[in-house]
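Shown next: start11.pdb, containing PDB, C-alpha atoms, pLDDT in the B column.
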ATOM      1  CA  MET A  17     109.402 218.963  67.685  1.00 62.00           C
ATOM      2  CA  ILE A  18     108.120 222.480  68.380  1.00 68.00           C
ATOM      3  CA  ILE A  19     110.263 224.574  70.755  1.00 71.00           C
ATOM      4  CA  GLY A  20     109.123 227.874  72.200  1.00 75.00           C
ATOM      5  CA  ALA A  21     111.234 230.933  71.433  1.00 76.00           C
ATOM      6  CA  GLU A  22     111.892 231.478  75.145  1.00 78.00           C
ATOM      7  CA  HIS A  23     113.723 228.124  75.280  1.00 79.00           C
ATOM      8  CA  PHE A  24     115.371 227.995  71.851  1.00 78.00           C
ATOM      9  CA  TYR A  25     118.590 229.866  72.635  1.00 79.00           C
ATOM     10  CA  THR A  26     119.244 227.828  75.792  1.00 84.00           C
ATOM     11  CA  PHE A  27     119.854 224.795  73.540  1.00 81.00           C
ATOM     12  CA  LEU A  28     122.561 226.480  71.449  1.00 83.00           C
ATOM     13  CA  LYS A  29     126.284 226.009  72.004  1.00 82.00           C
ATOM     14  CA  GLY A  30     129.211 228.139  70.831  1.00 78.00           C
ATOM     15  CA  GLY A  31     130.033 226.316  67.588  1.00 82.00           C
ATOM     16  CA  ARG A  32     129.148 228.122  64.357  1.00 82.00           C
ATOM     17  CA  ILE A  33     130.260 227.383  60.783  1.00 86.00           C
ATOM     18  CA  THR A  34     129.408 229.607  57.815  1.00 82.00           C
ATOM     19  CA  LEU A  35     129.597 227.773  54.503  1.00 81.00           C
ATOM     20  CA  GLY A  36     129.812 230.924  52.395  1.00 79.00           C
ATOM     21  CA  LYS A  37     127.602 233.308  50.450  1.00 76.00           C
ATOM     22  CA  SER A  38     124.167 231.909  49.488  1.00 76.00           C
ATOM     23  CA  SER A  39     124.934 228.870  51.640  1.00 82.00           C
ATOM     24  CA  PRO A  40     123.408 227.680  54.913  1.00 84.00           C
ATOM     25  CA  THR A  41     125.003 228.126  58.327  1.00 86.00           C
ATOM     26  CA  LEU A  42     125.747 225.340  60.807  1.00 87.00           C
ATOM     27  CA  VAL A  43     125.068 226.037  64.491  1.00 86.00           C
ATOM     28  CA  GLU A  44     126.073 223.622  67.252  1.00 89.00           C
ATOM     29  CA  SER A  45     123.319 222.682  69.738  1.00 87.00           C
ATOM     30  CA  VAL A  46     122.619 220.096  72.421  1.00 86.00           C
ATOM     31  CA  PHE A  47     120.769 218.102  69.752  1.00 82.00           C
ATOM     32  CA  GLY A  48     123.659 218.149  67.293  1.00 85.00           C
ATOM     33  CA  TRP A  49     124.375 220.551  64.403  1.00 85.00           C
ATOM     34  CA  LEU A  50     121.445 222.646  63.208  1.00 84.00           C
ATOM     35  CA  LEU A  51     121.337 223.735  59.563  1.00 82.00           C
ATOM     36  CA  SER A  52     119.581 226.959  58.583  1.00 82.00           C
ATOM     37  CA  GLY A  53     119.699 229.565  55.852  1.00 79.00           C
ATOM     38  CA  LYS A  54     119.332 229.642  52.084  1.00 75.00           C
ATOM     39  CA  SER A  55     121.210 227.691  49.456  1.00 70.00           C
ATOM     40  CA  SER A  56     121.750 228.217  45.725  1.00 64.00           C
ATOM     41  CA  TYR A  57     121.017 225.149  43.614  1.00 56.00           C
ATOM     42  CA  GLU A  58     122.219 226.471  40.234  1.00 56.00           C
ATOM     43  CA  THR A  59     125.607 224.740  40.425  1.00 55.00           C
ATOM     44  CA  ILE A  60     124.365 221.579  42.104  1.00 55.00           C
ATOM     45  CA  SER A  61     123.966 218.625  39.738  1.00 61.00           C
ATOM     46  CA  HIS A  62     122.109 216.400  42.224  1.00 63.00           C
ATOM     47  CA  PRO A  63     118.853 217.089  44.148  1.00 65.00           C
ATOM     48  CA  PRO A  64     119.292 218.825  47.500  1.00 64.00           C
ATOM     49  CA  LEU A  65     119.428 216.530  50.538  1.00 66.00           C
ATOM     50  CA  CYS A  66     118.581 217.221  54.157  1.00 62.00           C
ATOM     51  CA  HIS A  67     120.713 215.471  56.778  1.00 60.00           C
ATOM     52  CA  ILE A  68     119.580 215.314  60.385  1.00 58.00           C
ATOM     53  CA  SER A  69     122.143 214.536  63.063  1.00 56.00           C
ATOM     54  CA  THR A  70     121.064 212.656  66.177  1.00 56.00           C
ATOM     55  CA  LEU A  71     122.689 211.644  69.402  1.00 56.00           C
ATOM     56  CA  GLU A  72     121.037 208.214  69.354  1.00 62.00           C
ATOM     57  CA  SER A  73     121.059 205.388  66.857  1.00 70.00           C
ATOM     58  CA  LEU A  74     118.095 204.696  64.585  1.00 72.00           C
ATOM     59  CA  ASP A  75     117.531 201.329  66.278  1.00 76.00           C
ATOM     60  CA  ARG A  76     117.301 203.053  69.659  1.00 79.00           C
ATOM     61  CA  ASN A  77     114.808 205.623  68.399  1.00 76.00           C
ATOM     62  CA  ILE A  78     112.579 202.949  66.852  1.00 76.00           C
ATOM     63  CA  GLU A  79     112.705 200.980  70.091  1.00 78.00           C
ATOM     64  CA  LYS A  80     111.598 204.054  72.055  1.00 76.00           C
ATOM     65  CA  PHE A  81     108.771 204.691  69.578  1.00 73.00           C
ATOM     66  CA  TRP A  82     107.316 201.209  69.973  1.00 74.00           C
ATOM     67  CA  ARG A  83     107.640 201.398  73.758  1.00 72.00           C
ATOM     68  CA  ILE A  84     105.552 204.579  73.764  1.00 69.00           C
ATOM     69  CA  GLU A  85     102.921 203.038  71.479  1.00 64.00           C
ATOM     70  CA  GLU A  86     102.616 199.668  73.216  1.00 64.00           C
ATOM     71  CA  VAL A  87      99.282 198.688  74.783  1.00 62.00           C
ATOM     72  CA  ASP A  88      98.866 199.296  78.505  1.00 60.00           C
ATOM     73  CA  THR A  89      99.234 196.014  80.396  1.00 64.00           C
ATOM     74  CA  ARG A  90      98.847 197.286  83.951  1.00 71.00           C
ATOM     75  CA  ILE A  91      97.959 194.717  86.578  1.00 81.00           C
ATOM     76  CA  LEU A  92      95.070 195.880  88.768  1.00 84.00           C
ATOM     77  CA  SER A  93      95.210 195.578  92.531  1.00 87.00           C
ATOM     78  CA  PRO A  94      92.528 193.382  94.197  1.00 88.00           C
ATOM     79  CA  THR A  95      90.596 196.514  95.220  1.00 88.00           C
ATOM     80  CA  GLU A  96      90.773 198.024  91.738  1.00 89.00           C
ATOM     81  CA  GLN A  97      89.724 194.725  90.153  1.00 90.00           C
ATOM     82  CA  CYS A  98      86.780 194.431  92.537  1.00 90.00           C
ATOM     83  CA  CYS A  99      85.646 197.951  91.623  1.00 90.00           C
ATOM     84  CA  GLU A 100      86.058 197.206  87.911  1.00 90.00           C
ATOM     85  CA  ASP A 101      84.002 193.997  88.192  1.00 92.00           C
ATOM     86  CA  PHE A 102      81.291 195.818  90.153  1.00 92.00           C
ATOM     87  CA  TYR A 103      81.073 198.502  87.478  1.00 90.00           C
ATOM     88  CA  LYS A 104      80.643 195.909  84.719  1.00 90.00           C
ATOM     89  CA  ARG A 105      77.858 194.173  86.668  1.00 92.00           C
ATOM     90  CA  SER A 106      75.903 197.257  87.691  1.00 92.00           C
ATOM     91  CA  VAL A 107      76.268 199.814  84.894  1.00 93.00           C
ATOM     92  CA  SER A 108      73.175 200.493  82.789  1.00 93.00           C
ATOM     93  CA  ARG A 109      71.973 203.091  80.334  1.00 92.00           C
ATOM     94  CA  GLU A 110      68.697 204.994  80.399  1.00 91.00           C
ATOM     95  CA  SER A 111      66.552 205.750  77.382  1.00 91.00           C
ATOM     96  CA  THR A 112      67.924 209.303  77.424  1.00 89.00           C
ATOM     97  CA  GLY A 113      71.418 207.924  76.851  1.00 90.00           C
ATOM     98  CA  ARG A 114      72.656 208.684  80.366  1.00 88.00           C
ATOM     99  CA  TYR A 115      74.764 206.005  82.057  1.00 91.00           C
ATOM    100  CA  VAL A 116      73.827 204.924  85.587  1.00 92.00           C
ATOM    101  CA  VAL A 117      75.966 202.971  88.040  1.00 90.00           C
ATOM    102  CA  LYS A 118      75.488 202.100  91.700  1.00 90.00           C
ATOM    103  CA  TYR A 119      77.871 203.164  94.433  1.00 91.00           C
ATOM    104  CA  PRO A 120      80.748 200.636  94.669  1.00 93.00           C
ATOM    105  CA  LYS A 121      80.509 199.950  98.407  1.00 92.00           C
ATOM    106  CA  LYS A 122      83.351 198.344 100.302  1.00 92.00           C
ATOM    107  CA  GLU A 123      82.782 195.208 102.342  1.00 90.00           C
ATOM    108  CA  GLY A 124      81.564 196.365 105.744  1.00 90.00           C
ATOM    109  CA  PHE A 125      80.057 199.555 104.330  1.00 92.00           C
ATOM    110  CA  SER A 126      77.280 199.628 106.947  1.00 90.00           C
ATOM    111  CA  ARG A 127      79.844 199.474 109.773  1.00 91.00           C
ATOM    112  CA  MET A 128      82.031 202.184 108.267  1.00 93.00           C
ATOM    113  CA  ILE A 129      79.229 204.743 107.922  1.00 92.00           C
ATOM    114  CA  GLY A 130      78.502 206.235 111.319  1.00 91.00           C
ATOM    115  CA  ASP A 131      76.237 209.104 112.345  1.00 93.00           C
ATOM    116  CA  SER A 132      76.604 212.017 109.915  1.00 94.00           C
ATOM    117  CA  TYR A 133      73.491 214.050 110.769  1.00 92.00           C
ATOM    118  CA  CYS A 134      74.921 216.225 113.544  1.00 93.00           C
ATOM    119  CA  ASN A 135      77.976 217.352 111.581  1.00 94.00           C
ATOM    120  CA  ALA A 136      75.931 218.033 108.447  1.00 94.00           C
ATOM    121  CA  LEU A 137      73.362 220.025 110.447  1.00 94.00           C
ATOM    122  CA  GLN A 138      76.037 222.167 112.117  1.00 95.00           C
ATOM    123  CA  ARG A 139      77.632 222.972 108.763  1.00 95.00           C
ATOM    124  CA  LEU A 140      74.224 223.759 107.253  1.00 95.00           C
ATOM    125  CA  GLU A 141      73.445 226.220 110.057  1.00 96.00           C
ATOM    126  CA  SER A 142      76.874 227.824 109.587  1.00 96.00           C
ATOM    127  CA  LEU A 143      76.219 228.094 105.852  1.00 95.00           C
ATOM    128  CA  GLU A 144      72.840 229.746 106.415  1.00 96.00           C
ATOM    129  CA  ARG A 145      74.426 232.383 108.676  1.00 96.00           C
ATOM    130  CA  LYS A 146      77.008 233.061 105.977  1.00 95.00           C
ATOM    131  CA  LEU A 147      74.345 233.393 103.274  1.00 95.00           C
ATOM    132  CA  ASP A 148      72.282 235.760 105.433  1.00 95.00           C
ATOM    133  CA  ARG A 149      75.237 238.168 105.335  1.00 95.00           C
ATOM    134  CA  ASN A 150      75.420 238.048 101.527  1.00 94.00           C
ATOM    135  CA  GLU A 151      72.036 238.372  99.831  1.00 94.00           C
ATOM    136  CA  GLU A 152      73.464 238.092  96.299  1.00 92.00           C
ATOM    137  CA  LEU A 153      75.287 234.836  97.063  1.00 93.00           C
ATOM    138  CA  LYS A 154      72.221 233.550  98.896  1.00 94.00           C
ATOM    139  CA  GLU A 155      69.971 234.098  95.885  1.00 94.00           C
ATOM    140  CA  ARG A 156      72.486 232.476  93.532  1.00 93.00           C
ATOM    141  CA  TYR A 157      72.870 229.436  95.772  1.00 94.00           C
ATOM    142  CA  TYR A 158      69.139 229.075  96.309  1.00 94.00           C
ATOM    143  CA  ALA A 159      68.723 229.125  92.517  1.00 93.00           C
ATOM    144  CA  ILE A 160      71.141 226.173  92.292  1.00 93.00           C
ATOM    145  CA  MET A 161      69.103 224.254  94.891  1.00 92.00           C
ATOM    146  CA  ARG A 162      65.885 224.970  92.973  1.00 93.00           C
ATOM    147  CA  GLU A 163      67.530 223.724  89.790  1.00 93.00           C
ATOM    148  CA  PHE A 164      68.509 220.472  91.542  1.00 91.00           C
ATOM    149  CA  ILE A 165      64.873 219.981  92.517  1.00 92.00           C
ATOM    150  CA  ASN A 166      63.548 220.757  89.026  1.00 93.00           C
ATOM    151  CA  LEU A 167      66.011 218.327  87.438  1.00 90.00           C
ATOM    152  CA  GLY A 168      65.060 215.577  89.858  1.00 87.00           C
ATOM    153  CA  HIS A 169      68.509 215.454  91.442  1.00 87.00           C
ATOM    154  CA  MET A 170      67.084 216.373  94.840  1.00 89.00           C
ATOM    155  CA  ARG A 171      63.768 216.074  96.643  1.00 89.00           C
ATOM    156  CA  GLU A 172      62.418 217.257  99.965  1.00 87.00           C
ATOM    157  CA  VAL A 173      62.236 214.726 102.801  1.00 86.00           C
ATOM    158  CA  SER A 174      59.341 215.216 105.190  1.00 87.00           C
ATOM    159  CA  PRO A 175      60.139 215.216 108.951  1.00 84.00           C
ATOM    160  CA  ASP A 176      57.824 212.263 109.610  1.00 88.00           C
ATOM    161  CA  GLN A 177      59.370 210.084 106.898  1.00 86.00           C
ATOM    162  CA  GLU A 178      61.048 206.975 108.280  1.00 87.00           C
ATOM    163  CA  GLU A 179      64.835 207.172 108.044  1.00 83.00           C
ATOM    164  CA  PRO A 180      66.621 204.284 106.277  1.00 84.00           C
ATOM    165  CA  ALA A 181      68.824 201.949 108.305  1.00 83.00           C
ATOM    166  CA  ILE A 182      71.941 203.345 106.638  1.00 87.00           C
ATOM    167  CA  VAL A 183      72.021 206.994 105.637  1.00 90.00           C
ATOM    168  CA  CYS A 184      74.816 209.474 105.010  1.00 92.00           C
ATOM    169  CA  TYR A 185      74.195 213.222 105.149  1.00 93.00           C
ATOM    170  CA  LEU A 186      76.589 215.212 102.969  1.00 93.00           C
ATOM    171  CA  PRO A 187      77.426 218.808 103.925  1.00 95.00           C
ATOM    172  CA  HIS A 188      77.407 221.221 101.017  1.00 94.00           C
ATOM    173  CA  HIS A 189      78.550 224.762 100.309  1.00 94.00           C
ATOM    174  CA  PRO A 190      78.839 227.223  97.410  1.00 93.00           C
ATOM    175  CA  VAL A 191      82.070 227.820  95.525  1.00 93.00           C
ATOM    176  CA  VAL A 192      82.374 231.215  93.833  1.00 90.00           C
ATOM    177  CA  LYS A 193      84.485 231.757  90.716  1.00 88.00           C
ATOM    178  CA  GLU A 194      83.777 235.154  89.215  1.00 82.00           C
ATOM    179  CA  SER A 195      86.204 234.554  86.332  1.00 82.00           C
ATOM    180  CA  SER A 196      84.045 231.707  85.022  1.00 79.00           C
ATOM    181  CA  THR A 197      82.133 232.520  81.839  1.00 75.00           C
ATOM    182  CA  THR A 198      79.447 229.906  82.502  1.00 77.00           C
ATOM    183  CA  THR A 199      78.739 229.118  86.163  1.00 78.00           C
ATOM    184  CA  LYS A 200      80.059 231.684  88.624  1.00 86.00           C
ATOM    185  CA  VAL A 201      78.560 229.871  91.637  1.00 90.00           C
ATOM    186  CA  ARG A 202      78.273 226.112  91.964  1.00 91.00           C
ATOM    187  CA  GLY A 203      77.273 223.772  94.769  1.00 91.00           C
ATOM    188  CA  VAL A 204      79.833 221.334  96.134  1.00 93.00           C
ATOM    189  CA  PHE A 205      78.936 218.298  98.236  1.00 94.00           C
ATOM    190  CA  ASP A 206      81.590 217.183 100.728  1.00 95.00           C
ATOM    191  CA  ALA A 207      81.789 213.385 100.499  1.00 94.00           C
ATOM    192  CA  SER A 208      85.043 213.529 102.492  1.00 94.00           C
ATOM    193  CA  ALA A 209      83.295 214.778 105.638  1.00 94.00           C
ATOM    194  CA  LYS A 210      83.944 212.384 108.527  1.00 94.00           C
ATOM    195  CA  THR A 211      81.082 210.680 110.362  1.00 94.00           C
ATOM    196  CA  SER A 212      81.035 209.564 114.022  1.00 93.00           C
ATOM    197  CA  SER A 213      82.930 206.403 113.027  1.00 93.00           C
ATOM    198  CA  GLY A 214      85.873 208.458 111.753  1.00 94.00           C
ATOM    199  CA  ASN A 215      85.147 207.444 108.151  1.00 94.00           C
ATOM    200  CA  SER A 216      83.628 209.412 105.302  1.00 95.00           C
ATOM    201  CA  LEU A 217      81.465 208.272 102.403  1.00 95.00           C
ATOM    202  CA  ASN A 218      84.561 208.340 100.186  1.00 94.00           C
ATOM    203  CA  ASP A 219      86.387 206.094 102.654  1.00 94.00           C
ATOM    204  CA  ALA A 220      83.586 203.504 102.456  1.00 94.00           C
ATOM    205  CA  LEU A 221      83.570 203.311  98.651  1.00 94.00           C
ATOM    206  CA  LEU A 222      85.884 201.371  96.362  1.00 92.00           C
ATOM    207  CA  VAL A 223      88.376 203.305  94.260  1.00 89.00           C
ATOM    208  CA  GLY A 224      88.839 202.123  90.686  1.00 86.00           C
ATOM    209  CA  PRO A 225      92.031 202.235  88.634  1.00 83.00           C
ATOM    210  CA  VAL A 226      93.349 205.410  87.053  1.00 80.00           C
ATOM    211  CA  ILE A 227      92.261 205.279  83.402  1.00 76.00           C
ATOM    212  CA  GLN A 228      94.259 208.274  82.141  1.00 75.00           C
ATOM    213  CA  ASP A 229      97.632 207.655  80.540  1.00 69.00           C
ATOM    214  CA  GLU A 230     100.691 208.349  82.685  1.00 69.00           C
ATOM    215  CA  LEU A 231     102.458 211.583  81.741  1.00 67.00           C
TER     216      LEU A 231
END
Once you've parsed the file, please lay out its structure as structure tokens.
Amino acid sequence: MIIGAEHFYTFLKGGRITLGKSSPTLVESVFGWLLSGKSSYETISHPPLCHISTLESLDRNIEKFWRIEEVDTRILSPTEQCCEDFYKRSVSRESTGRYVVKYPKKEGFSRMIGDSYCNALQRLESLERKLDRNEELKERYYAIMREFINLGHMREVSPDQEEPAIVCYLPHHPVVKESSTTTKVRGVFDASAKTSSGNSLNDALLVGPVIQDEL
């Protein structure tokens, strides 16, 4: 175990035993007695040994070790299982190596998604007014939009194009982080924006299980 110097002395107690010249010193701590210092082996007929004191039995420590290492056997909720099954059915991989998966829509998705155009348009107009007051930010954000188009992540929709039966407009805005060494400005799409039904796109999609280990 590695302990930072700022915490080390908080673990020490008042007990201290000096074994003599050229001998180690015993210091009492919350973990037991700590042994430190040098030792002379000239008069010792047997090899030196290191003894470690512990507050718990060996059986208990081994039991804790195996509990930490045991395989995760979490039981998924019906919603998590449905999302997991959908992922297995729909995931695919392109020739470039990129994985592609469809949106895991909840049952009744079409009813949950209401009108999102008006809210998205209002936020877009507000964003444009903000960018007009900051030419540098405007140019940076426009460069991000152009990159989306060049990469094929976004395309222009003509006004006379027929709108799909179900469509969700996502508001977006720039996030500035000057301390970043790579991307100081990035575009963020707000999938939590509510539509006229009171639901957002996130609300209408299934949420899978947490795959990271618990701390």
**Prompt:** Pick the closest to Cys184 (chain A) from A:Glu152, A:Asp206, A:Glu172, A:Asp131: which is it, counting all atoms listed in the file?
**Reply:** A:Asp131
Find the spatial neighbours of region 154-158 of chain A, counting all atoms listed in the file, within a cut-off of 7 Å - ignore same-chain residues fewer than 6 positions away - and output them as a PDB file with C-alpha atoms, in the coordinates of the input.
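Okay, this is what ended up in result38.pdb:
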ATOM      1  CA  LEU A 147      74.345 233.393 103.274  1.00 95.00           C
ATOM      2  CA  ASP A 148      72.282 235.760 105.433  1.00 95.00           C
ATOM      3  CA  PRO A 190      78.839 227.223  97.410  1.00 93.00           C
ATOM      4  CA  VAL A 201      78.560 229.871  91.637  1.00 90.00           C
TER       5      VAL A 201
END
**Message:** As an exercise, work out the distance from CA of Ser106 (chain A) to CA of Pro180 (chain A) in Å and give it to one decimal place.
**Reply:**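 Calculated distance between CA of Ser106 (chain A) and CA of Pro180 (chain A) is 21.9 Å.
Of the listed residues (A:Thr211, A:Ser174, A:Tyr103, A:His189), A:His189 comes nearest to Glu144 (chain A); the distances count only C-alpha atoms.
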**Request:** Just give me the gap between CA of Tyr25 (chain A) and CA of Leu74 (chain A) in Å, one decimal is fine.
**Result:** 26.4 Å
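Going from CA of Lys122 (chain A) over to CA of Val223 (chain A), you cover 9.3 Å.
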**Residues matched by the PyMOL selection byres ((chain A and resi 217) around 8) as a ChimeraX atom specification** = /A:129,184,207-210,215-216,218-221
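Residues surrounding Asp101 (chain A) within 12 Å are A:Leu92, A:Pro94, A:Thr95, A:Glu96, A:Ser106, A:Val107, A:Pro120, A:Leu222, A:Val223, A:Gly224, A:Pro225 [only C-alpha atoms; sequence separation below 5 positions excluded].
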**Request:** Fewer than 3 positions away in the same chain doesn't count, so skip those; otherwise give me all residues within 12 Å of Leu35 (chain A), counting all atoms listed in the file, as a VMD selection string.
**Result:** chain A and resid 32 38 to 43 51 to 56
Please reconstruct the missing atoms of region 180-198 of chain A (target: N, CA and C atoms) and return them as an mmCIF file, keeping the file's coordinate frame.
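Here's the written file out_6.cif:
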data_model
loop_
_atom_site.group_PDB
_atom_site.id
_atom_site.type_symbol
_atom_site.label_atom_id
_atom_site.label_comp_id
_atom_site.auth_asym_id
_atom_site.auth_seq_id
_atom_site.Cartn_x
_atom_site.Cartn_y
_atom_site.Cartn_z
ATOM 1 N N PRO A 180 66.059 205.595 106.611
ATOM 2 C CA PRO A 180 66.621 204.284 106.277
ATOM 3 C C PRO A 180 67.600 203.808 107.343
ATOM 4 N N ALA A 181 67.896 202.508 107.322
ATOM 5 C CA ALA A 181 68.824 201.949 108.305
ATOM 6 C C ALA A 181 70.219 202.537 108.141
ATOM 7 N N ILE A 182 70.625 202.759 106.911
ATOM 8 C CA ILE A 182 71.941 203.345 106.638
ATOM 9 C C ILE A 182 71.726 204.610 105.818
ATOM 10 N N VAL A 183 72.187 205.730 106.338
ATOM 11 C CA VAL A 183 72.021 206.994 105.637
ATOM 12 C C VAL A 183 73.259 207.843 105.884
ATOM 13 N N CYS A 184 73.652 208.596 104.876
ATOM 14 C CA CYS A 184 74.816 209.474 105.010
ATOM 15 C C CYS A 184 74.427 210.874 104.557
ATOM 16 N N TYR A 185 74.513 211.833 105.465
ATOM 17 C CA TYR A 185 74.195 213.222 105.149
ATOM 18 C C TYR A 185 75.471 213.924 104.698
ATOM 19 N N LEU A 186 75.422 214.528 103.521
ATOM 20 C CA LEU A 186 76.589 215.212 102.969
ATOM 21 C C LEU A 186 76.473 216.720 103.169
ATOM 22 N N PRO A 187 77.412 217.335 103.862
ATOM 23 C CA PRO A 187 77.426 218.808 103.925
ATOM 24 C C PRO A 187 77.675 219.389 102.538
ATOM 25 N N HIS A 188 77.193 220.587 102.320
ATOM 26 C CA HIS A 188 77.407 221.221 101.017
ATOM 27 C C HIS A 188 77.641 222.715 101.215
ATOM 28 N N HIS A 189 78.247 223.336 100.215
ATOM 29 C CA HIS A 189 78.550 224.762 100.309
ATOM 30 C C HIS A 189 78.757 225.315 98.901
ATOM 31 N N PRO A 190 78.619 226.620 98.731
ATOM 32 C CA PRO A 190 78.839 227.223 97.410
ATOM 33 C C PRO A 190 80.316 227.532 97.180
ATOM 34 N N VAL A 191 80.735 227.413 95.935
ATOM 35 C CA VAL A 191 82.070 227.820 95.525
ATOM 36 C C VAL A 191 81.902 228.914 94.470
ATOM 37 N N VAL A 192 82.537 230.054 94.707
ATOM 38 C CA VAL A 192 82.374 231.215 93.833
ATOM 39 C C VAL A 192 83.610 231.364 92.967
ATOM 40 N N LYS A 193 83.400 231.505 91.662
ATOM 41 C CA LYS A 193 84.485 231.757 90.716
ATOM 42 C C LYS A 193 83.997 232.797 89.724
ATOM 43 N N GLU A 194 84.278 234.050 90.032
ATOM 44 C CA GLU A 194 83.777 235.154 89.215
ATOM 45 C C GLU A 194 84.373 235.155 87.807
ATOM 46 N N SER A 195 85.559 234.553 87.652
ATOM 47 C CA SER A 195 86.204 234.554 86.332
ATOM 48 C C SER A 195 85.552 233.571 85.370
ATOM 49 N N SER A 196 84.689 232.691 85.882
ATOM 50 C CA SER A 196 84.045 231.707 85.022
ATOM 51 C C SER A 196 83.055 232.382 84.082
ATOM 52 N N THR A 197 83.054 231.936 82.824
ATOM 53 C CA THR A 197 82.133 232.520 81.839
ATOM 54 C C THR A 197 80.789 231.814 81.825
ATOM 55 N N THR A 198 80.697 230.664 82.499
ATOM 56 C CA THR A 198 79.447 229.906 82.502
ATOM 57 C C THR A 198 78.790 229.942 83.876
#
